[in-house]
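All remarks here apply to the structure that follows.
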Number of protein chains: 2
Amino acid sequence: MKLDKRSNVPLYAQLKELLADRMDQGVWQKGQQIPSELALCEELDLSRPTVRQAIAELVSEGRLVIQKGRGTYVSAEPDRIELRGYTAFYFSILSARSISDLPIESIEQIVATPEIERVFQSPAGDPKAQFWKISYLLDMDHSPYADVTVTIPVLMFPDLGPDIKAGKRMVDITANKYAFLPQKAQGSLLVRPSSVDEAKRLELSRGTPVLVHTAKLISRSGGVCEWVNAVLRPDMVDLGLESGRS
Amino acid sequence: MKLDKRSNVPLYAQLKELLADRMDQGVWQKGQQIPSELALCEELDLSRPTVRQAIAELVSEGRLVIQKGRGTYVSAEPDRIELRGYTAFYFSILSARSISDLPIESIEQIVATPEIERVFQSPAGDPKAQFWKISYLLDMDHSPYADVTVTIPVLMFPDLGPDIKAGKRMVDITANKYAFLPQKAQGSLLVRPSSVDEAKRLELSRGTPVLVHTAKLISRSGGVCEWVNAVLRPDMVDLGLESGRS
């Protein structure tokens with residue numbers, strides 16, 4: 001793109017787009033230093049205040065970073081954790097090969113809430129249905145990035161809580177449970193503002209958007225065997241998708 | 001939870017969490033009116049300024065909405081477009097059954113940029129490799145929610161541009177192209193701040209986060225046959241995940 005001094009789009013706004021284009025197109029790579037204000041003034045025949053305003057806006061949008069005394073740099077992408085092979089089964093406990101590494105925070109036996117009843121389609125006449133509620137918090141260098149809660153019917157896995165606490169292996173926990181193991185998963189992924197609690201758990205400021213993964217896992221016998229809820233820090237994760245066709 | 005007047009957490013902050021809990025737990029449903037300030041003062045034995053401050057913060061976080069002269073309501077979730085069966089193949093043109101409904105904005109034949117060369121692993125000695133660059137913008141009631149660009153090698157699909165412009169059907173476009181059709185897809189999904197251009201295209205304010213979907217589609221013959229880039233409005237979409245196991 002070229003700057004048009006006769007356009008009614010202000011010059012600083014045109015310059016801003018030109019600079020953004022150079023970053024988008026990789027002319028200036030992430031982490032790289034860009035030319036000085038003076039060099040840009042000369043290259044593009046612009047006044048200093050015009051260049052300064054364009055840069056100031058790109059700094060306020062987080063695309064450029066000024067390092068005091070050194071110069072202006074293209075913002076480096078934050079390091080992200082790649083969640084490889086992300087699918088609707090992700091974060092599930094029953095689908096995990098091993099859970100010995102999972103930083104489990106709590107395992108509680110609870111009575112179905114109205115929401116749990118809806119998900120598991122518990123018969124309305126069974127107000128006392130019991131569920132395991134298991135929470136874990138994944139972190140990277142002590143920064144939490146995924147706050148996960150899974151809900152599993154006690155009826156299907158009566159000893160799950162004590163078994164996990166005793167460090168039993170998944171292969172033993174799931175032995176003879178073939179009919180209750182997940183075969184299909186239906187999920188949803190969306191971005192929404194975090195609740196007060198979620199923000200606190202993920203060390204975000206209030207109301208910051210979070211990525212929310214929810215999935216119902218359906219067993220071979222046809223019922224819902226696990227309900228997975230995960231709240232993710234959007235700036236820390238990169239969901240790796242892989243699909244194949246036969 | 002209960003309010004603790006002797007705690008060193010300010011009362012308004014405790015109240016805020018209590019109100020947030022009621023929303024999270026569905027005691028107050030989305031779109032429902034909550035009790036008046038006065039009613040909350042009486043119920044919880046609190047002063048008016050305490051109640052007012054807790055509500056003001058929840059309003060500023062977007063969890064509550066004040067409707068002038070009517071009362072305070074739990075924010076309704078915005079209507080979202082469910083992208084059913086979301087996978088790494090989503091938004092692809094070569095995998096689409098039909099593209100006659102796609103709101104295609106532009107079809108250009110371009111020379112490989114360094115980025116395109118990297119993705120398609122074009123031999124370095126071929127600086128003139130040509131690609132089709134096709135853009136479309138999906139919208140809901142005239143609000144755009146997905147800005148998609150796909151890149152396809154001209155070498156594999158020499159007539160793609162004219163064929164699409166002529167309204168040729170996908171089944172005819174892909175006839176005899178078996179070896180070049182997508183069989184596998186490897187993608188990535190992440191949230192990052194929007195660029196100036198992306199924000200403009202999706203009618204967002206600058207720097208607002210966007211959901212970015214990127215995928216390489218790999219053909220039966222083994223090469224990359226399509227590169228898909230989609231920028232999504234996080235407040236408008238809900239990605240529907242479905243997975244199965246044999």
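In the structure tokens, each chain is lettered A, B, ... as it comes, each chain's residues begin at 1, and ligands are numbered from 1 in order of appearance.
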What are the residues of chain B lining chain A at 6 Å or less? Count only C-alpha atoms, and put the answer as a ChimeraX atom specification.
/B:61,88,183-191,207,234,238-245
Residue subset to file, keeping N, CA and C atoms, as a PDB file, in the first residue's frame:
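Okay, this is what ended up in result.pdb:
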ATOM      1  N   GLU B  61     -18.306  -5.460  34.366  1.00  0.00           N
ATOM      2  CA  GLU B  61     -17.743  -6.696  33.827  1.00  0.00           C
ATOM      3  C   GLU B  61     -18.679  -7.366  32.827  1.00  0.00           C
ATOM      4  N   ALA B  88     -10.361 -29.646  11.774  1.00  0.00           N
ATOM      5  CA  ALA B  88      -9.298 -28.967  11.033  1.00  0.00           C
ATOM      6  C   ALA B  88      -9.671 -28.786   9.554  1.00  0.00           C
ATOM      7  N   GLN B 183      -7.011 -35.135   2.322  1.00  0.00           N
ATOM      8  CA  GLN B 183      -7.257 -36.390   3.026  1.00  0.00           C
ATOM      9  C   GLN B 183      -6.991 -36.220   4.519  1.00  0.00           C
ATOM     10  N   LYS B 184      -6.009 -35.386   4.817  1.00  0.00           N
ATOM     11  CA  LYS B 184      -5.673 -35.107   6.216  1.00  0.00           C
ATOM     12  C   LYS B 184      -5.646 -33.600   6.404  1.00  0.00           C
ATOM     13  N   ALA B 185      -5.880 -33.173   7.636  1.00  0.00           N
ATOM     14  CA  ALA B 185      -5.791 -31.750   7.915  1.00  0.00           C
ATOM     15  C   ALA B 185      -5.096 -31.571   9.255  1.00  0.00           C
ATOM     16  N   GLN B 186      -4.159 -30.636   9.300  1.00  0.00           N
ATOM     17  CA  GLN B 186      -3.467 -30.325  10.553  1.00  0.00           C
ATOM     18  C   GLN B 186      -3.674 -28.857  10.823  1.00  0.00           C
ATOM     19  N   GLY B 187      -4.255 -28.565  11.972  1.00  0.00           N
ATOM     20  CA  GLY B 187      -4.583 -27.174  12.209  1.00  0.00           C
ATOM     21  C   GLY B 187      -4.246 -26.720  13.594  1.00  0.00           C
ATOM     22  N   SER B 188      -4.579 -25.478  13.827  1.00  0.00           N
ATOM     23  CA  SER B 188      -4.297 -24.851  15.106  1.00  0.00           C
ATOM     24  C   SER B 188      -5.381 -23.813  15.359  1.00  0.00           C
ATOM     25  N   LEU B 189      -5.769 -23.704  16.615  1.00  0.00           N
ATOM     26  CA  LEU B 189      -6.786 -22.728  16.974  1.00  0.00           C
ATOM     27  C   LEU B 189      -6.274 -21.965  18.175  1.00  0.00           C
ATOM     28  N   LEU B 190      -6.278 -20.649  18.081  1.00  0.00           N
ATOM     29  CA  LEU B 190      -5.810 -19.874  19.225  1.00  0.00           C
ATOM     30  C   LEU B 190      -6.512 -18.524  19.270  1.00  0.00           C
ATOM     31  N   VAL B 191      -6.364 -17.864  20.390  1.00  0.00           N
ATOM     32  CA  VAL B 191      -6.940 -16.539  20.573  1.00  0.00           C
ATOM     33  C   VAL B 191      -5.790 -15.547  20.656  1.00  0.00           C
ATOM     34  N   GLY B 207      -7.776  -4.289  18.532  1.00  0.00           N
ATOM     35  CA  GLY B 207      -7.084  -4.997  19.596  1.00  0.00           C
ATOM     36  C   GLY B 207      -7.963  -6.005  20.327  1.00  0.00           C
ATOM     37  N   PRO B 234     -14.983 -13.959  18.420  1.00  0.00           N
ATOM     38  CA  PRO B 234     -15.172 -14.886  19.531  1.00  0.00           C
ATOM     39  C   PRO B 234     -16.539 -14.762  20.203  1.00  0.00           C
ATOM     40  N   ASP B 238     -19.655 -20.570  18.323  1.00  0.00           N
ATOM     41  CA  ASP B 238     -19.593 -21.678  19.274  1.00  0.00           C
ATOM     42  C   ASP B 238     -19.160 -22.868  18.422  1.00  0.00           C
ATOM     43  N   LEU B 239     -17.947 -23.362  18.678  1.00  0.00           N
ATOM     44  CA  LEU B 239     -17.433 -24.436  17.823  1.00  0.00           C
ATOM     45  C   LEU B 239     -17.935 -25.781  18.350  1.00  0.00           C
ATOM     46  N   GLY B 240     -18.680 -26.470  17.529  1.00  0.00           N
ATOM     47  CA  GLY B 240     -19.249 -27.760  17.937  1.00  0.00           C
ATOM     48  C   GLY B 240     -18.277 -28.887  17.625  1.00  0.00           C
ATOM     49  N   LEU B 241     -17.847 -29.597  18.666  1.00  0.00           N
ATOM     50  CA  LEU B 241     -16.849 -30.666  18.492  1.00  0.00           C
ATOM     51  C   LEU B 241     -17.543 -32.010  18.546  1.00  0.00           C
ATOM     52  N   GLU B 242     -17.172 -32.908  17.665  1.00  0.00           N
ATOM     53  CA  GLU B 242     -17.708 -34.259  17.731  1.00  0.00           C
ATOM     54  C   GLU B 242     -16.610 -35.237  17.434  1.00  0.00           C
ATOM     55  N   SER B 243     -16.441 -36.210  18.310  1.00  0.00           N
ATOM     56  CA  SER B 243     -15.399 -37.201  18.053  1.00  0.00           C
ATOM     57  C   SER B 243     -15.962 -38.567  18.365  1.00  0.00           C
ATOM     58  N   GLY B 244     -15.405 -39.550  17.690  1.00  0.00           N
ATOM     59  CA  GLY B 244     -15.839 -40.921  17.948  1.00  0.00           C
ATOM     60  C   GLY B 244     -14.640 -41.829  17.983  1.00  0.00           C
ATOM     61  N   ARG B 245     -14.825 -42.979  18.597  1.00  0.00           N
ATOM     62  CA  ARG B 245     -13.786 -43.996  18.671  1.00  0.00           C
ATOM     63  C   ARG B 245     -14.361 -45.289  18.204  1.00  0.00           C
TER      64      ARG B 245
END
Quick one: residues within 9 Å of A:Ser36, only C-alpha atoms counted, chain neighbours fewer than 5 positions away excluded, as a ChimeraX atom specification?
/A:41,71-72
What is the atom CA of A:Val74 to atom CA of A:Lys30 distance in Å?
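About the pair atom CA of A:Val74 and atom CA of A:Lys30: they are 5.1 Å apart.
Interatomic distance, atom CA of A:Val228 against atom CA of A:Leu202: 17.5 Å.
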Please provide as a short mmCIF file (atom, residue, chain, number, x, y, z; two decimals) with all heavy atoms, in the first residue's frame all residues within 10 Å of A:Glu108, with the sequence filter that same-chain residues fewer than 6 positions apart are discarded (counting only C-alpha atoms).
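What ended up in part21.cif:
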data_model
loop_
_atom_site.label_atom_id
_atom_site.label_comp_id
_atom_site.auth_asym_id
_atom_site.auth_seq_id
_atom_site.Cartn_x
_atom_site.Cartn_y
_atom_site.Cartn_z
N PHE A 131 -22.55 -38.21 42.25
CA PHE A 131 -21.52 -38.04 41.22
C PHE A 131 -20.17 -37.76 41.85
O PHE A 131 -20.09 -37.15 42.91
CB PHE A 131 -21.90 -36.87 40.28
CG PHE A 131 -23.08 -37.20 39.40
CD1 PHE A 131 -24.38 -37.03 39.87
CD2 PHE A 131 -22.89 -37.71 38.13
CE1 PHE A 131 -25.47 -37.37 39.08
CE2 PHE A 131 -23.98 -38.05 37.32
CZ PHE A 131 -25.27 -37.88 37.80
N TRP A 132 -19.11 -38.21 41.15
CA TRP A 132 -17.77 -37.79 41.51
C TRP A 132 -17.50 -36.47 40.81
O TRP A 132 -17.74 -36.36 39.60
CB TRP A 132 -16.72 -38.82 41.04
CG TRP A 132 -16.85 -40.16 41.70
CD1 TRP A 132 -17.26 -41.32 41.12
CD2 TRP A 132 -16.57 -40.47 43.06
NE1 TRP A 132 -17.26 -42.35 42.03
CE2 TRP A 132 -16.84 -41.85 43.25
CE3 TRP A 132 -16.12 -39.71 44.16
CZ2 TRP A 132 -16.66 -42.48 44.47
CZ3 TRP A 132 -15.95 -40.36 45.38
CH2 TRP A 132 -16.22 -41.72 45.53
N LYS A 133 -17.02 -35.51 41.56
CA LYS A 133 -16.62 -34.24 40.98
C LYS A 133 -15.13 -34.10 41.22
O LYS A 133 -14.68 -34.02 42.37
CB LYS A 133 -17.39 -33.10 41.66
CG LYS A 133 -17.12 -31.74 41.05
CD LYS A 133 -18.00 -30.68 41.68
CE LYS A 133 -17.42 -29.31 41.40
NZ LYS A 133 -18.12 -28.28 42.17
N ILE A 134 -14.37 -34.12 40.12
CA ILE A 134 -12.91 -34.14 40.23
C ILE A 134 -12.35 -32.88 39.56
O ILE A 134 -12.74 -32.56 38.44
CB ILE A 134 -12.35 -35.40 39.54
CG1 ILE A 134 -13.01 -36.64 40.16
CG2 ILE A 134 -10.83 -35.46 39.64
CD1 ILE A 134 -12.72 -37.93 39.42
N SER A 135 -11.50 -32.16 40.28
CA SER A 135 -10.93 -30.92 39.72
C SER A 135 -9.43 -31.02 39.61
O SER A 135 -8.77 -31.57 40.50
CB SER A 135 -11.24 -29.73 40.64
OG SER A 135 -12.63 -29.58 40.74
N THR A 151 -17.19 -34.57 35.85
CA THR A 151 -18.26 -35.15 36.66
C THR A 151 -18.54 -36.55 36.10
O THR A 151 -18.72 -36.71 34.90
CB THR A 151 -19.51 -34.26 36.57
OG1 THR A 151 -19.12 -32.91 36.84
CG2 THR A 151 -20.57 -34.67 37.57
N GLY A 161 -13.36 -42.48 43.34
CA GLY A 161 -12.71 -41.54 44.26
C GLY A 161 -11.58 -42.21 45.04
O GLY A 161 -10.41 -41.82 44.90
#
Which one of A:Ser100, A:Val171, A:Leu94, A:Glu37 sits closest to A:Cys225 if you count only C-alpha atoms?
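Once distances to A:Cys225 are computed over only C-alpha atoms, the minimum belongs to A:Leu94.
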Could you go through stretch 154-223 of chain B and tell me which residues DSSP, when run on the backbone, assigns to strand (DSSP E or B), listing them as a PDB file with N, CA, C and O atoms, in the first residue's frame?
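File result_2.pdb, as written:
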ATOM      1  N   PRO B 182      -8.097 -33.076  -0.353  1.00  0.00           N
ATOM      2  CA  PRO B 182      -7.632 -33.202   1.040  1.00  0.00           C
ATOM      3  C   PRO B 182      -7.996 -34.542   1.662  1.00  0.00           C
ATOM      4  O   PRO B 182      -9.138 -34.989   1.536  1.00  0.00           O
ATOM      5  N   GLN B 183      -7.011 -35.135   2.322  1.00  0.00           N
ATOM      6  CA  GLN B 183      -7.257 -36.390   3.026  1.00  0.00           C
ATOM      7  C   GLN B 183      -6.991 -36.220   4.519  1.00  0.00           C
ATOM      8  O   GLN B 183      -7.643 -36.825   5.345  1.00  0.00           O
ATOM      9  N   LYS B 184      -6.009 -35.386   4.817  1.00  0.00           N
ATOM     10  CA  LYS B 184      -5.673 -35.107   6.216  1.00  0.00           C
ATOM     11  C   LYS B 184      -5.646 -33.600   6.404  1.00  0.00           C
ATOM     12  O   LYS B 184      -5.402 -32.855   5.451  1.00  0.00           O
ATOM     13  N   ALA B 185      -5.880 -33.173   7.636  1.00  0.00           N
ATOM     14  CA  ALA B 185      -5.791 -31.750   7.915  1.00  0.00           C
ATOM     15  C   ALA B 185      -5.096 -31.571   9.255  1.00  0.00           C
ATOM     16  O   ALA B 185      -5.385 -32.294  10.210  1.00  0.00           O
ATOM     17  N   GLN B 186      -4.159 -30.636   9.300  1.00  0.00           N
ATOM     18  CA  GLN B 186      -3.467 -30.325  10.553  1.00  0.00           C
ATOM     19  C   GLN B 186      -3.674 -28.857  10.823  1.00  0.00           C
ATOM     20  O   GLN B 186      -3.338 -28.017   9.997  1.00  0.00           O
ATOM     21  N   GLY B 187      -4.255 -28.565  11.972  1.00  0.00           N
ATOM     22  CA  GLY B 187      -4.583 -27.174  12.209  1.00  0.00           C
ATOM     23  C   GLY B 187      -4.246 -26.720  13.594  1.00  0.00           C
ATOM     24  O   GLY B 187      -3.724 -27.465  14.428  1.00  0.00           O
ATOM     25  N   SER B 188      -4.579 -25.478  13.827  1.00  0.00           N
ATOM     26  CA  SER B 188      -4.297 -24.851  15.106  1.00  0.00           C
ATOM     27  C   SER B 188      -5.381 -23.813  15.359  1.00  0.00           C
ATOM     28  O   SER B 188      -5.883 -23.169  14.433  1.00  0.00           O
ATOM     29  N   LEU B 189      -5.769 -23.704  16.615  1.00  0.00           N
ATOM     30  CA  LEU B 189      -6.786 -22.728  16.974  1.00  0.00           C
ATOM     31  C   LEU B 189      -6.274 -21.965  18.175  1.00  0.00           C
ATOM     32  O   LEU B 189      -5.853 -22.576  19.161  1.00  0.00           O
ATOM     33  N   LEU B 190      -6.278 -20.649  18.081  1.00  0.00           N
ATOM     34  CA  LEU B 190      -5.810 -19.874  19.225  1.00  0.00           C
ATOM     35  C   LEU B 190      -6.512 -18.524  19.270  1.00  0.00           C
ATOM     36  O   LEU B 190      -7.173 -18.121  18.307  1.00  0.00           O
ATOM     37  N   VAL B 191      -6.364 -17.864  20.390  1.00  0.00           N
ATOM     38  CA  VAL B 191      -6.940 -16.539  20.573  1.00  0.00           C
ATOM     39  C   VAL B 191      -5.790 -15.547  20.656  1.00  0.00           C
ATOM     40  O   VAL B 191      -4.827 -15.788  21.365  1.00  0.00           O
ATOM     41  N   ARG B 192      -5.882 -14.461  19.898  1.00  0.00           N
ATOM     42  CA  ARG B 192      -4.855 -13.406  19.987  1.00  0.00           C
ATOM     43  C   ARG B 192      -5.517 -12.070  19.666  1.00  0.00           C
ATOM     44  O   ARG B 192      -6.615 -12.028  19.115  1.00  0.00           O
ATOM     45  N   PRO B 193      -4.830 -10.949  19.998  1.00  0.00           N
ATOM     46  CA  PRO B 193      -5.427  -9.643  19.680  1.00  0.00           C
ATOM     47  C   PRO B 193      -5.563  -9.492  18.167  1.00  0.00           C
ATOM     48  O   PRO B 193      -4.727  -9.981  17.415  1.00  0.00           O
ATOM     49  N   PRO B 209      -9.722  -9.365  21.180  1.00  0.00           N
ATOM     50  CA  PRO B 209      -9.227 -10.691  20.807  1.00  0.00           C
ATOM     51  C   PRO B 209     -10.057 -11.316  19.680  1.00  0.00           C
ATOM     52  O   PRO B 209     -11.266 -11.095  19.600  1.00  0.00           O
ATOM     53  N   VAL B 210      -9.410 -12.084  18.838  1.00  0.00           N
ATOM     54  CA  VAL B 210     -10.091 -12.886  17.816  1.00  0.00           C
ATOM     55  C   VAL B 210      -9.644 -14.338  17.957  1.00  0.00           C
ATOM     56  O   VAL B 210      -8.579 -14.618  18.507  1.00  0.00           O
ATOM     57  N   LEU B 211     -10.502 -15.239  17.482  1.00  0.00           N
ATOM     58  CA  LEU B 211     -10.167 -16.658  17.432  1.00  0.00           C
ATOM     59  C   LEU B 211      -9.561 -16.905  16.052  1.00  0.00           C
ATOM     60  O   LEU B 211     -10.185 -16.560  15.047  1.00  0.00           O
ATOM     61  N   VAL B 212      -8.391 -17.485  16.022  1.00  0.00           N
ATOM     62  CA  VAL B 212      -7.730 -17.689  14.730  1.00  0.00           C
ATOM     63  C   VAL B 212      -7.582 -19.181  14.440  1.00  0.00           C
ATOM     64  O   VAL B 212      -6.977 -19.915  15.221  1.00  0.00           O
ATOM     65  N   HIS B 213      -8.188 -19.612  13.328  1.00  0.00           N
ATOM     66  CA  HIS B 213      -8.107 -20.998  12.871  1.00  0.00           C
ATOM     67  C   HIS B 213      -7.167 -21.049  11.674  1.00  0.00           C
ATOM     68  O   HIS B 213      -7.323 -20.266  10.733  1.00  0.00           O
ATOM     69  N   THR B 214      -6.193 -21.926  11.708  1.00  0.00           N
ATOM     70  CA  THR B 214      -5.264 -22.085  10.583  1.00  0.00           C
ATOM     71  C   THR B 214      -5.131 -23.566  10.319  1.00  0.00           C
ATOM     72  O   THR B 214      -5.036 -24.346  11.278  1.00  0.00           O
ATOM     73  N   ALA B 215      -5.154 -23.986   9.073  1.00  0.00           N
ATOM     74  CA  ALA B 215      -4.971 -25.415   8.799  1.00  0.00           C
ATOM     75  C   ALA B 215      -4.278 -25.636   7.469  1.00  0.00           C
ATOM     76  O   ALA B 215      -4.493 -24.896   6.513  1.00  0.00           O
ATOM     77  N   LYS B 216      -3.446 -26.663   7.465  1.00  0.00           N
ATOM     78  CA  LYS B 216      -2.836 -27.155   6.237  1.00  0.00           C
ATOM     79  C   LYS B 216      -3.585 -28.410   5.857  1.00  0.00           C
ATOM     80  O   LYS B 216      -3.716 -29.321   6.679  1.00  0.00           O
ATOM     81  N   LEU B 217      -4.052 -28.478   4.606  1.00  0.00           N
ATOM     82  CA  LEU B 217      -4.745 -29.685   4.158  1.00  0.00           C
ATOM     83  C   LEU B 217      -3.801 -30.472   3.265  1.00  0.00           C
ATOM     84  O   LEU B 217      -3.151 -29.897   2.382  1.00  0.00           O
ATOM     85  N   ILE B 218      -3.742 -31.756   3.518  1.00  0.00           N
ATOM     86  CA  ILE B 218      -2.768 -32.593   2.820  1.00  0.00           C
ATOM     87  C   ILE B 218      -3.518 -33.569   1.925  1.00  0.00           C
ATOM     88  O   ILE B 218      -4.484 -34.202   2.341  1.00  0.00           O
ATOM     89  N   SER B 219      -3.070 -33.622   0.682  1.00  0.00           N
ATOM     90  CA  SER B 219      -3.799 -34.416  -0.313  1.00  0.00           C
ATOM     91  C   SER B 219      -3.390 -35.877  -0.266  1.00  0.00           C
ATOM     92  O   SER B 219      -2.424 -36.247   0.400  1.00  0.00           O
TER      93      SER B 219
END
